[in-house]
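Undergrad: I'm passing along protein_26.csv; it holds CSV, C-alpha atoms (C1' of nucleotides).
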chain,number,residue,atom,x,y,z
A,1,MET,CA,0.9,-157.3,7.3
A,2,SER,CA,0.0,-160.7,5.9
A,3,ILE,CA,-2.6,-163.0,7.4
A,4,VAL,CA,-0.2,-165.7,8.4
A,5,GLU,CA,2.9,-164.1,9.9
A,6,CYS,CA,4.0,-165.1,13.4
A,7,HIS,CA,6.7,-167.7,14.0
A,8,ASP,CA,8.3,-165.9,16.9
A,9,GLY,CA,7.8,-167.2,20.5
A,10,ARG,CA,11.5,-167.1,21.1
A,11,MET,CA,11.9,-170.9,21.1
A,12,SER,CA,14.9,-170.9,23.4
A,13,LEU,CA,14.9,-174.7,24.0
A,14,ARG,CA,15.8,-175.0,20.3
A,15,HIS,CA,18.8,-172.8,20.9
A,16,ALA,CA,19.8,-174.5,24.1
A,17,VAL,CA,19.9,-177.8,22.2
A,18,LEU,CA,21.9,-176.3,19.4
A,19,GLY,CA,24.3,-174.7,21.8
A,20,MET,CA,24.9,-178.1,23.5
A,21,LEU,CA,25.5,-179.9,20.2
A,22,ALA,CA,27.8,-177.1,19.1
A,23,ASP,CA,29.9,-177.9,22.1
A,24,GLU,CA,29.9,-181.6,21.4
A,25,PRO,CA,27.8,-184.1,19.5
A,26,GLY,CA,25.5,-186.4,21.5
A,27,SER,CA,22.3,-188.4,21.7
A,28,GLY,CA,19.0,-187.3,23.3
A,29,TYR,CA,19.9,-189.3,26.3
A,30,ASP,CA,23.2,-187.6,26.6
A,31,LEU,CA,21.6,-184.2,26.3
A,32,LEU,CA,19.1,-185.1,28.9
A,33,LYS,CA,21.9,-185.7,31.4
A,34,ARG,CA,23.8,-182.7,30.4
A,35,PHE,CA,20.7,-180.6,30.9
A,36,GLU,CA,20.2,-182.0,34.4
A,37,ARG,CA,23.8,-181.4,35.3
A,38,ALA,CA,24.6,-178.1,33.8
A,39,MET,CA,21.4,-176.2,33.1
A,40,ALA,CA,18.8,-177.3,35.6
A,41,ASN,CA,18.9,-173.8,37.1
A,42,VAL,CA,18.9,-171.8,33.8
A,43,TRP,CA,16.8,-173.7,31.4
A,44,PRO,CA,15.2,-176.9,32.7
A,45,ALA,CA,14.0,-179.3,30.0
A,46,THR,CA,12.2,-182.6,30.1
A,47,GLN,CA,12.9,-185.8,28.2
A,48,SER,CA,9.7,-185.4,26.1
A,49,GLN,CA,10.7,-181.9,25.1
A,50,LEU,CA,14.2,-182.9,24.2
A,51,TYR,CA,13.3,-185.8,21.9
A,52,GLY,CA,10.6,-183.7,20.3
A,53,GLU,CA,12.9,-180.8,19.6
A,54,LEU,CA,15.6,-183.1,18.3
A,55,GLY,CA,13.1,-184.4,15.7
A,56,LYS,CA,12.1,-181.0,14.7
A,57,LEU,CA,15.7,-179.8,14.4
A,58,GLU,CA,16.6,-182.8,12.3
A,59,ALA,CA,13.6,-182.1,10.0
A,60,ALA,CA,14.7,-178.5,9.7
A,61,GLY,CA,18.2,-179.6,8.7
A,62,MET,CA,19.9,-177.9,11.7
A,63,ILE,CA,21.3,-181.2,13.1
A,64,HIS,CA,21.9,-184.6,11.5
A,65,VAL,CA,22.5,-188.1,12.7
A,66,LEU,CA,26.3,-188.7,13.0
A,67,ALA,CA,26.1,-192.3,14.1
A,68,GLU,CA,23.7,-194.9,15.3
A,69,GLY,CA,24.6,-197.1,18.3
A,70,PRO,CA,23.1,-199.9,20.3
A,71,ARG,CA,19.5,-199.7,21.5
A,72,GLY,CA,18.6,-197.3,18.7
A,73,ARG,CA,20.9,-194.7,20.0
A,74,LYS,CA,21.2,-191.8,17.6
A,75,GLU,CA,24.1,-189.4,18.0
A,76,TYR,CA,23.4,-186.0,16.6
A,77,GLU,CA,25.8,-183.4,15.3
A,78,ILE,CA,25.0,-179.8,14.5
A,79,THR,CA,25.1,-178.7,10.9
A,80,GLU,CA,26.3,-175.5,9.3
A,81,ALA,CA,22.7,-174.3,9.1
A,82,GLY,CA,22.3,-175.0,12.8
A,83,LEU,CA,25.4,-173.2,13.7
A,84,GLU,CA,24.2,-170.2,11.7
A,85,GLU,CA,20.9,-170.3,13.5
A,86,LEU,CA,22.6,-170.4,16.8
A,87,ARG,CA,24.9,-167.5,16.1
A,88,HIS,CA,22.0,-165.5,14.7
A,89,TRP,CA,20.1,-166.0,18.0
A,90,LEU,CA,23.1,-165.2,20.1
A,91,ILE,CA,23.9,-162.0,18.4
A,92,ASP,CA,21.0,-160.6,16.5
A,93,VAL,CA,17.9,-161.3,18.5
A,94,ASP,CA,16.7,-159.1,21.3
A,95,PRO,CA,16.8,-161.1,24.6
A,96,GLY,CA,13.7,-159.5,26.0
A,97,GLY,CA,13.2,-158.2,29.5
A,98,PRO,CA,13.4,-159.9,32.8
A,99,PRO,CA,11.5,-163.2,33.1
A,100,ARG,CA,8.3,-163.9,35.0
A,101,SER,CA,8.9,-164.5,38.7
A,102,ALA,CA,6.2,-166.3,40.6
A,103,GLY,CA,8.0,-165.5,43.9
A,104,LEU,CA,7.9,-161.8,43.2
A,105,LEU,CA,4.3,-161.9,42.0
A,106,ARG,CA,3.3,-163.1,45.5
A,107,VAL,CA,5.0,-160.2,47.2
A,108,TYR,CA,2.6,-157.9,45.4
A,109,PHE,CA,-0.3,-159.7,47.0
A,110,LEU,CA,0.9,-160.2,50.5
A,111,GLY,CA,-1.6,-157.6,51.6
A,112,SER,CA,-4.2,-160.4,51.5
A,113,VAL,CA,-2.7,-162.3,54.4
A,114,SER,CA,-1.7,-161.3,57.9
A,115,PRO,CA,1.6,-159.4,58.4
A,116,ALA,CA,3.0,-162.3,60.3
A,117,GLN,CA,2.3,-164.6,57.4
A,118,ALA,CA,3.7,-162.1,55.0
A,119,ARG,CA,6.9,-161.8,57.1
A,120,GLY,CA,7.1,-165.6,57.1
A,121,TYR,CA,6.9,-165.8,53.4
A,122,VAL,CA,9.5,-163.2,52.8
A,123,ALA,CA,11.8,-164.9,55.3
A,124,SER,CA,11.4,-168.2,53.4
A,125,MET,CA,12.4,-166.5,50.2
A,126,GLY,CA,15.6,-165.4,51.9
A,127,GLU,CA,16.1,-168.9,53.3
A,128,SER,CA,15.8,-170.6,49.9
A,129,ALA,CA,18.2,-168.0,48.5
A,130,ARG,CA,20.7,-168.8,51.2
A,131,ALA,CA,20.4,-172.5,50.5
A,132,ARG,CA,21.0,-171.8,46.8
A,133,GLU,CA,24.1,-169.8,47.6
A,134,GLU,CA,25.5,-172.7,49.6
A,135,ARG,CA,24.7,-175.1,46.8
A,136,LEU,CA,26.4,-173.0,44.2
A,137,ALA,CA,29.4,-172.5,46.4
A,138,GLU,CA,29.7,-176.2,46.8
A,139,LEU,CA,29.2,-176.7,43.0
A,140,GLU,CA,32.0,-174.3,42.4
A,141,GLY,CA,34.4,-176.3,44.4
A,142,THR,CA,33.6,-179.6,42.7
A,143,ILE,CA,34.1,-178.4,39.1
A,144,ASP,CA,37.6,-178.4,37.8
A,145,TRP,CA,37.9,-175.3,35.8
A,146,GLY,CA,40.1,-175.2,32.7
A,147,ASP,CA,41.3,-172.4,30.5
A,148,ASP,CA,38.9,-173.2,27.6
A,149,ASN,CA,36.0,-171.2,26.4
A,150,GLN,CA,33.4,-173.4,28.0
A,151,SER,CA,34.9,-173.0,31.4
A,152,LEU,CA,35.1,-169.3,31.0
A,153,TYR,CA,31.4,-168.9,30.1
A,154,GLY,CA,30.4,-171.5,32.6
A,155,ARG,CA,32.1,-169.5,35.3
A,156,LEU,CA,30.3,-166.3,34.1
A,157,VAL,CA,27.0,-168.1,34.5
A,158,LEU,CA,27.9,-169.5,37.9
A,159,GLU,CA,29.0,-166.1,39.1
A,160,TRP,CA,25.6,-164.6,37.9
A,161,GLY,CA,23.8,-167.3,40.0
A,162,LYS,CA,25.9,-166.5,43.1
A,163,ARG,CA,25.3,-162.8,42.8
A,164,PHE,CA,21.6,-163.3,42.1
A,165,SER,CA,21.2,-165.5,45.2
A,166,ALA,CA,23.1,-163.1,47.4
A,167,MET,CA,21.0,-160.2,46.1
A,168,GLN,CA,17.8,-162.1,46.9
A,169,ARG,CA,18.9,-163.1,50.3
A,170,GLU,CA,19.9,-159.5,51.2
A,171,TRP,CA,16.7,-158.1,49.8
A,172,ALA,CA,14.7,-160.6,51.9
A,173,GLU,CA,16.6,-159.6,55.0
A,174,TRP,CA,15.8,-156.0,54.3
A,175,ALA,CA,12.2,-156.7,53.3
A,176,VAL,CA,11.5,-158.6,56.6
A,177,LYS,CA,12.3,-155.5,58.5
A,178,GLN,CA,10.1,-153.4,56.3
A,179,VAL,CA,7.1,-155.6,57.0
A,180,GLU,CA,7.5,-155.0,60.7
B,181,MET,CA,-0.7,-193.5,41.6
B,182,SER,CA,-3.9,-193.1,39.6
B,183,ILE,CA,-4.1,-192.8,35.9
B,184,VAL,CA,-5.5,-189.3,35.8
B,185,GLU,CA,-3.7,-187.2,38.4
B,186,CYS,CA,-2.0,-184.0,37.4
B,187,HIS,CA,-3.7,-180.5,37.7
B,188,ASP,CA,-0.6,-178.8,38.9
B,189,GLY,CA,1.3,-176.5,36.4
B,190,ARG,CA,1.3,-173.6,39.0
B,191,MET,CA,-1.2,-171.5,37.1
B,192,SER,CA,0.1,-168.2,38.4
B,193,LEU,CA,-2.0,-166.0,36.1
B,194,ARG,CA,-5.0,-167.2,38.0
B,195,HIS,CA,-3.5,-166.0,41.2
B,196,ALA,CA,-2.4,-162.7,39.7
B,197,VAL,CA,-6.0,-162.1,38.7
B,198,LEU,CA,-7.3,-163.1,42.1
B,199,GLY,CA,-4.8,-160.8,43.8
B,200,MET,CA,-5.8,-157.9,41.7
B,201,LEU,CA,-9.5,-158.4,42.3
B,202,ALA,CA,-8.8,-158.9,46.0
B,203,ASP,CA,-7.3,-155.4,46.0
B,204,GLU,CA,-10.3,-153.9,44.1
B,205,PRO,CA,-13.1,-155.2,41.9
B,206,GLY,CA,-12.8,-154.5,38.2
B,207,SER,CA,-13.6,-155.6,34.6
B,208,GLY,CA,-11.3,-157.4,32.2
B,209,TYR,CA,-10.5,-154.2,30.6
B,210,ASP,CA,-9.6,-152.6,33.9
B,211,LEU,CA,-7.4,-155.5,34.8
B,212,LEU,CA,-5.7,-155.3,31.4
B,213,LYS,CA,-4.6,-151.8,32.1
B,214,ARG,CA,-3.6,-152.6,35.7
B,215,PHE,CA,-1.4,-155.4,34.4
B,216,GLU,CA,0.2,-153.1,31.9
B,217,ARG,CA,0.9,-150.4,34.4
B,218,ALA,CA,1.9,-152.4,37.5
B,219,MET,CA,2.9,-155.8,36.5
B,220,ALA,CA,4.4,-155.7,33.0
B,221,ASN,CA,7.8,-156.5,34.5
B,222,VAL,CA,6.7,-159.2,36.9
B,223,TRP,CA,3.9,-161.1,35.2
B,224,PRO,CA,2.9,-159.9,31.7
B,225,ALA,CA,-0.5,-161.0,30.5
B,226,THR,CA,-2.3,-160.5,27.3
B,227,GLN,CA,-5.9,-159.5,26.7
B,228,SER,CA,-6.8,-163.0,25.4
B,229,GLN,CA,-5.4,-164.6,28.5
B,230,LEU,CA,-7.2,-162.3,30.9
B,231,TYR,CA,-10.6,-162.8,29.5
B,232,GLY,CA,-10.1,-166.5,29.3
B,233,GLU,CA,-9.0,-166.7,32.9
B,234,LEU,CA,-11.9,-164.5,34.1
B,235,GLY,CA,-14.3,-167.0,32.4
B,236,LYS,CA,-12.6,-169.9,34.1
B,237,LEU,CA,-12.5,-168.2,37.5
B,238,GLU,CA,-16.2,-167.4,37.3
B,239,ALA,CA,-17.1,-170.9,36.3
B,240,ALA,CA,-15.0,-172.1,39.3
B,241,GLY,CA,-16.9,-169.8,41.6
B,242,MET,CA,-13.8,-167.8,42.6
B,243,ILE,CA,-15.1,-164.6,41.3
B,244,HIS,CA,-18.6,-163.3,40.4
B,245,VAL,CA,-20.1,-160.5,38.4
B,246,LEU,CA,-20.8,-157.6,40.7
B,247,ALA,CA,-22.3,-155.3,38.2
B,248,GLU,CA,-22.9,-154.9,34.4
B,249,GLY,CA,-22.2,-151.6,32.7
B,250,PRO,CA,-22.4,-150.1,29.2
B,251,ARG,CA,-20.9,-152.0,26.2
B,252,GLY,CA,-21.3,-155.3,28.0
B,253,ARG,CA,-18.9,-154.3,30.7
B,254,LYS,CA,-18.8,-156.9,33.5
B,255,GLU,CA,-17.3,-155.9,36.8
B,256,TYR,CA,-16.0,-158.8,38.8
B,257,GLU,CA,-15.5,-159.2,42.5
B,258,ILE,CA,-13.5,-161.9,44.2
B,259,THR,CA,-15.6,-164.4,46.3
B,260,GLU,CA,-14.7,-166.0,49.6
B,261,ALA,CA,-13.7,-169.2,47.7
B,262,GLY,CA,-11.4,-167.1,45.6
B,263,LEU,CA,-9.8,-165.4,48.6
B,264,GLU,CA,-9.2,-168.8,50.1
B,265,GLU,CA,-7.5,-170.0,47.0
B,266,LEU,CA,-5.4,-166.9,46.9
B,267,ARG,CA,-4.3,-167.2,50.5
B,268,HIS,CA,-3.6,-170.9,50.0
B,269,TRP,CA,-1.3,-170.1,47.1
B,270,LEU,CA,0.4,-167.3,48.9
B,271,ILE,CA,1.2,-169.4,52.0
B,272,ASP,CA,1.1,-173.1,51.4
B,273,VAL,CA,2.4,-173.6,47.9
B,274,ASP,CA,6.1,-173.9,47.2
B,275,PRO,CA,7.2,-171.1,44.9
B,276,GLY,CA,9.7,-173.2,43.0
B,277,GLY,CA,13.2,-172.3,42.0
B,278,PRO,CA,14.6,-169.4,39.9
B,279,PRO,CA,12.8,-168.9,36.5
B,280,ARG,CA,14.2,-169.5,33.1
B,281,SER,CA,16.5,-166.8,31.8
B,282,ALA,CA,17.1,-166.6,28.1
B,283,GLY,CA,19.7,-164.0,28.6
B,284,LEU,CA,21.7,-166.2,30.9
B,285,LEU,CA,21.2,-169.2,28.6
B,286,ARG,CA,23.0,-167.3,25.9
B,287,VAL,CA,26.0,-166.7,28.0
B,288,TYR,CA,26.5,-170.4,28.2
B,289,PHE,CA,26.9,-170.6,24.5
B,290,LEU,CA,29.0,-167.5,23.8
B,291,GLY,CA,31.8,-169.9,22.9
B,292,SER,CA,30.1,-170.3,19.5
B,293,VAL,CA,30.9,-166.7,18.5
B,294,SER,CA,34.0,-164.6,18.5
B,295,PRO,CA,35.3,-163.1,21.7
B,296,ALA,CA,34.5,-159.6,20.4
B,297,GLN,CA,30.9,-160.6,19.7
B,298,ALA,CA,30.7,-162.2,23.1
B,299,ARG,CA,32.0,-159.2,24.8
B,300,GLY,CA,29.5,-157.0,22.9
B,301,TYR,CA,26.7,-159.2,24.0
B,302,VAL,CA,27.6,-159.1,27.6
B,303,ALA,CA,28.1,-155.4,27.4
B,304,SER,CA,24.6,-155.0,25.9
B,305,MET,CA,23.2,-157.0,28.9
B,306,GLY,CA,24.8,-154.4,31.2
B,307,GLU,CA,23.4,-151.6,29.1
B,308,SER,CA,19.8,-152.9,29.2
B,309,ALA,CA,20.2,-153.4,33.0
B,310,ARG,CA,21.4,-149.8,33.3
B,311,ALA,CA,18.4,-148.6,31.3
B,312,ARG,CA,16.1,-150.6,33.5
B,313,GLU,CA,17.7,-149.1,36.6
B,314,GLU,CA,16.9,-145.6,35.3
B,315,ARG,CA,13.4,-146.5,34.4
B,316,LEU,CA,12.7,-147.9,37.8
B,317,ALA,CA,14.3,-144.9,39.5
B,318,GLU,CA,12.0,-142.6,37.4
B,319,LEU,CA,9.0,-144.8,38.2
B,320,GLU,CA,9.8,-144.5,41.9
B,321,GLY,CA,9.6,-140.8,41.7
B,322,THR,CA,6.3,-140.6,39.9
B,323,ILE,CA,4.4,-142.9,42.3
B,324,ASP,CA,3.0,-141.3,45.4
B,325,TRP,CA,3.5,-143.8,48.1
B,326,GLY,CA,1.1,-144.1,51.0
B,327,ASP,CA,1.2,-145.9,54.2
B,328,ASP,CA,-1.2,-148.6,53.2
B,329,ASN,CA,-0.4,-152.3,52.6
B,330,GLN,CA,-0.4,-152.0,48.8
B,331,SER,CA,2.2,-149.3,48.9
B,332,LEU,CA,4.3,-151.3,51.3
B,333,TYR,CA,4.4,-154.4,49.2
B,334,GLY,CA,4.6,-152.4,46.0
B,335,ARG,CA,7.8,-150.8,47.4
B,336,LEU,CA,9.2,-154.2,48.2
B,337,VAL,CA,8.7,-155.3,44.6
B,338,LEU,CA,10.2,-152.1,43.2
B,339,GLU,CA,13.2,-152.4,45.5
B,340,TRP,CA,13.7,-156.0,44.3
B,341,GLY,CA,13.7,-154.7,40.7
B,342,LYS,CA,16.2,-152.0,41.5
B,343,ARG,CA,18.6,-154.5,43.2
B,344,PHE,CA,18.2,-157.0,40.5
B,345,SER,CA,19.0,-154.5,37.8
B,346,ALA,CA,22.0,-153.2,39.7
B,347,MET,CA,23.3,-156.7,40.3
B,348,GLN,CA,23.0,-157.5,36.6
B,349,ARG,CA,24.8,-154.3,35.6
B,350,GLU,CA,27.6,-154.9,38.0
B,351,TRP,CA,27.9,-158.5,36.9
B,352,ALA,CA,28.0,-157.4,33.2
B,353,GLU,CA,30.8,-154.9,34.0
B,354,TRP,CA,32.8,-157.7,35.7
B,355,ALA,CA,32.0,-160.2,33.0
B,356,VAL,CA,33.2,-157.9,30.2
B,357,LYS,CA,36.6,-157.9,31.8
B,358,GLN,CA,36.6,-161.6,32.1
B,359,VAL,CA,36.1,-162.1,28.4
B,360,GLU,CA,39.2,-160.1,27.6
C,361,DC,C1',17.6,-214.8,33.7
C,362,DT,C1',16.6,-210.8,36.0
C,363,DG,C1',17.2,-206.3,37.3
C,364,DT,C1',19.2,-201.9,36.2
C,365,DG,C1',20.3,-198.6,33.2
C,366,DC,C1',20.3,-197.0,28.3
C,367,DA,C1',17.4,-195.2,24.8
C,368,DT,C1',13.5,-193.5,22.3
C,369,DG,C1',9.2,-192.1,21.6
C,370,DT,C1',3.6,-190.7,21.9
C,371,DA,C1',-0.7,-188.5,24.0
C,372,DA,C1',-3.3,-185.3,26.6
C,373,DG,C1',-3.7,-181.1,28.5
C,374,DG,C1',-2.5,-176.5,30.5
C,375,DA,C1',-0.3,-172.0,29.6
C,376,DG,C1',0.8,-168.3,26.7
C,377,DT,C1',1.0,-165.6,22.2
C,378,DT,C1',-0.7,-163.5,18.0
C,379,DA,C1',-4.1,-162.5,15.0
C,380,DC,C1',-8.8,-162.2,13.9
C,381,DA,C1',-13.3,-160.5,14.9
C,382,DT,C1',-17.2,-157.7,16.6
C,383,DG,C1',-19.8,-154.2,18.6
C,384,DA,C1',-21.2,-150.1,21.8
C,385,DT,C1',-20.3,-145.4,23.5
C,386,DT,C1',-18.6,-140.9,23.6
C,387,DC,C1',-16.9,-136.7,22.0
C,388,DA,C1',-15.7,-133.4,18.7
D,389,DT,C1',-20.8,-138.8,11.2
D,390,DG,C1',-16.5,-140.2,12.0
D,391,DA,C1',-12.6,-141.3,15.0
D,392,DA,C1',-11.0,-142.9,19.3
D,393,DT,C1',-11.8,-145.5,23.1
D,394,DC,C1',-14.2,-148.9,25.7
D,395,DA,C1',-15.2,-153.7,25.9
D,396,DT,C1',-15.4,-158.6,25.1
D,397,DG,C1',-14.5,-162.6,22.9
D,398,DT,C1',-12.6,-166.8,19.5
D,399,DA,C1',-9.1,-169.5,16.7
D,400,DA,C1',-4.8,-171.3,15.8
D,401,DC,C1',-0.5,-172.2,17.1
D,402,DT,C1',3.7,-173.0,20.0
D,403,DC,C1',5.7,-174.4,24.3
D,404,DC,C1',6.0,-177.1,28.3
D,405,DT,C1',4.7,-180.7,31.6
D,406,DT,C1',3.0,-185.2,33.1
D,407,DA,C1',2.0,-189.6,32.3
D,408,DC,C1',2.1,-193.5,29.5
D,409,DA,C1',4.6,-196.9,26.6
D,410,DT,C1',8.2,-199.8,24.6
D,411,DG,C1',12.3,-202.2,24.0
D,412,DC,C1',17.5,-203.4,23.9
D,413,DA,C1',22.0,-204.4,26.4
D,414,DC,C1',24.8,-205.8,29.9
D,415,DA,C1',26.4,-207.2,34.5
D,416,DG,C1',25.8,-210.2,38.2
Output the structure of this file as structure tokens.
TA:
Amino acid sequence: MSIVECHDGRMSLRHAVLGMLADEPGSGYDLLKRFERAMANVWPATQSQLYGELGKLEAAGMIHVLAEGPRGRKEYEITEAGLEELRHWLIDVDPGGPPRSAGLLRVYFLGSVSPAQARGYVASMGESARAREERLAELEGTIDWGDDNQSLYGRLVLEWGKRFSAMQREWAEWAVKQVE
Amino acid sequence: MSIVECHDGRMSLRHAVLGMLADEPGSGYDLLKRFERAMANVWPATQSQLYGELGKLEAAGMIHVLAEGPRGRKEYEITEAGLEELRHWLIDVDPGGPPRSAGLLRVYFLGSVSPAQARGYVASMGESARAREERLAELEGTIDWGDDNQSLYGRLVLEWGKRFSAMQREWAEWAVKQVE
DNA sequence: CTGTGCATGTAAGGAGTTACATGATTCA
DNA sequence: TGAATCATGTAACTCCTTACATGCACAG
């Protein structure tokens, strides 16, 4: 193996940006709001990160400036190279295992506090899961779903979130009983 | 607000190390193997990271060297300050929302590939969830569970993993039908 | 003419990964 | 003595977050 040979790291923000621009061109500011609206629960991103990534993507030829507007606004569009990179990531790259979970990490260590405190912590996990369930159900009502692809895959993600939250709530209810 | 005022970032590796040392003293090498065995699916950590964190924790007075062994082995033990920090993290700090999920991020963008490819990707998510279910079921059989606290909380985490994997498999089965 | 929102960026630092690097001990 | 294992550490890099910083445009 060569001395310099890494360039992995997964870099999913890059692909999140490419995916959004594949859907529709937009400026950094646009993307920021789209991230807040649609992806806050899947892949949060900050303003700094977005502008930095847009710069790198442009340098790499994966996006280009489609138009410039007032206040220095730069509207980006994905290029063919960018689309190719996105499709490659979607299809060819191994997604890797389940992500880190700080909440679950704590459960491992609940032996370091009193059973009452442990029970309280598990119960609060259940409560926040229940709150998320409600929020998602509400969200589902406010979105007007179409028949297009974006709606289809958006529904898939929303359904995943609902099932995940329900699973966590049920687990927490079960776990509280175990601690007793 | 003051100019220099941050020091958040969550730093969960720190607490993972404290939690392990609260359970039982050990060297960096010991912890490395314990991480591989017990926590690979919850909070993976590399050798570099562990030794770095042990150094920082010792400098912060949260752990101390209990004994030195052959080959420069340093066995660490958690201090009272470290226990306090661990308990504080367990009880008082907000765990934050659901973590990033690269797998789910992709689902958002499956509109960029053909329906057949999208279906294939979702199906592979289900398949890897099924494989994880099997692995966890096998793991459950090989561990001899006791009545102690560690076994209790370990079982809770394992159960979470089982439910999560089952949820993801069922979701994938459902989602494959939606894509058709 | 002033506030609100639009719009873009940089700097500093923590967290995590990979690769590089070294050396001691034990056992066959 | 040679291989495997024990054992610790550093360097370079990417990713992510927070805070700092600037300026234009438009509506009231």
Undergrad: Within 8 Å of chain A, which residues of chain B show up when using all atoms listed in the file, listed as a ChimeraX atom specification?
TA: /B:192,196,199-200,202,221-224,267,270-271,275-293,297,301,329-330,332-334,336-337,339-340,343-344,347-348,351,355,358-359
Undergrad: With only C-alpha atoms (C1' of nucleotides) as the basis for distance, which of A:Lys177, A:Arg135, A:Arg14, A:Lys33 is at the shortest distance from chain D?
TA: A:Arg14
Undergrad: Give me the chain D side of the contact with chain A, cut-off 9 Å, one line per residue showing its nearest atom pair and distance in Å at one decimal, counting only C-alpha atoms (C1' of nucleotides), sorted by chain and residue number, as a Markdown table.
TA:
| residue | atom | partner | partner_atom | distance |
| --- | --- | --- | --- | --- |
| D:DT402 | C1' | A:Gly9 | CA | 7.1 |
| D:DC403 | C1' | A:Met11 | CA | 7.8 |
| D:DC404 | C1' | A:Gln49 | CA | 7.4 |
| D:DT405 | C1' | A:Thr46 | CA | 7.9 |
| D:DG411 | C1' | A:Arg71 | CA | 8.0 |
| D:DC412 | C1' | A:Arg71 | CA | 4.8 |
| D:DA413 | C1' | A:Arg71 | CA | 7.2 |
Undergrad: Write out, as a tab-separated table (two decimals), in the coordinates of the input, the residues just selected, with C-alpha atoms (C1' of nucleotides).
TA:
chain	number	residue	atom	x	y	z
D	402	DT	C1'	3.70	-173.00	20.00
D	403	DC	C1'	5.70	-174.40	24.30
D	404	DC	C1'	6.00	-177.10	28.30
D	405	DT	C1'	4.70	-180.70	31.60
D	411	DG	C1'	12.30	-202.20	24.00
D	412	DC	C1'	17.50	-203.40	23.90
D	413	DA	C1'	22.00	-204.40	26.40
Undergrad: Please, which residues of chain C lie no more than 8 Å from chain A when the count uses all atoms listed in the file, and can they be set out as a PDB file with C-alpha atoms (C1' of nucleotides), in the frame of the given file?
TA:
ATOM      1  C1'  DC C 366      20.300-197.000  28.300  1.00  0.00           C
ATOM      2  C1'  DA C 367      17.400-195.200  24.800  1.00  0.00           C
ATOM      3  C1'  DT C 368      13.500-193.500  22.300  1.00  0.00           C
ATOM      4  C1'  DG C 369       9.200-192.100  21.600  1.00  0.00           C
ATOM      5  C1'  DT C 377       1.000-165.600  22.200  1.00  0.00           C
ATOM      6  C1'  DT C 378      -0.700-163.500  18.000  1.00  0.00           C
ATOM      7  C1'  DA C 379      -4.100-162.500  15.000  1.00  0.00           C
TER       8       DA C 379
END
Undergrad: Mind giving me the straight-line distance from CA of Arg37 (chain A) to CA of Pro25 (chain A) in Å, one decimal?
TA: 16.5 Å
Undergrad: For C1' of DG373 (chain C) and C1' of DT396 (chain D), quote the distance in Å rounded to one decimal.
TA: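 Atom-to-atom, C1' of DG373 (chain C) to C1' of DT396 (chain D), that is 25.6 Å.
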Undergrad: State, in Å with one decimal place, the distance from CA of Thr79 (chain A) to CA of Ile63 (chain A).
TA: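 According to the coordinates, CA of Thr79 (chain A) and CA of Ile63 (chain A) are separated by 5.1 Å.
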Undergrad: With distances taken over only C-alpha atoms (C1' of nucleotides), which residue among D:DA395, D:DC408, D:DC401, D:DA415 lies nearest Glu255 (chain B)?
TA: D:DA395
Undergrad: Skip DC387 (chain C) itself and residues of its chain fewer than 5 positions away, then list as an MDAnalysis selection string all residues within 12 Å of it, counting only C-alpha atoms (C1' of nucleotides).
TA: chainID D and resid 389:393
Undergrad: Scan for residues within 12 Å of the point (16.4, -209.0, 40.2) in the coordinates of the file, using all atoms listed in the file, and reply as a list in words.
TA: DC361, DT362, DG363 and DT364 of chain C; DA415 and DG416 of chain D
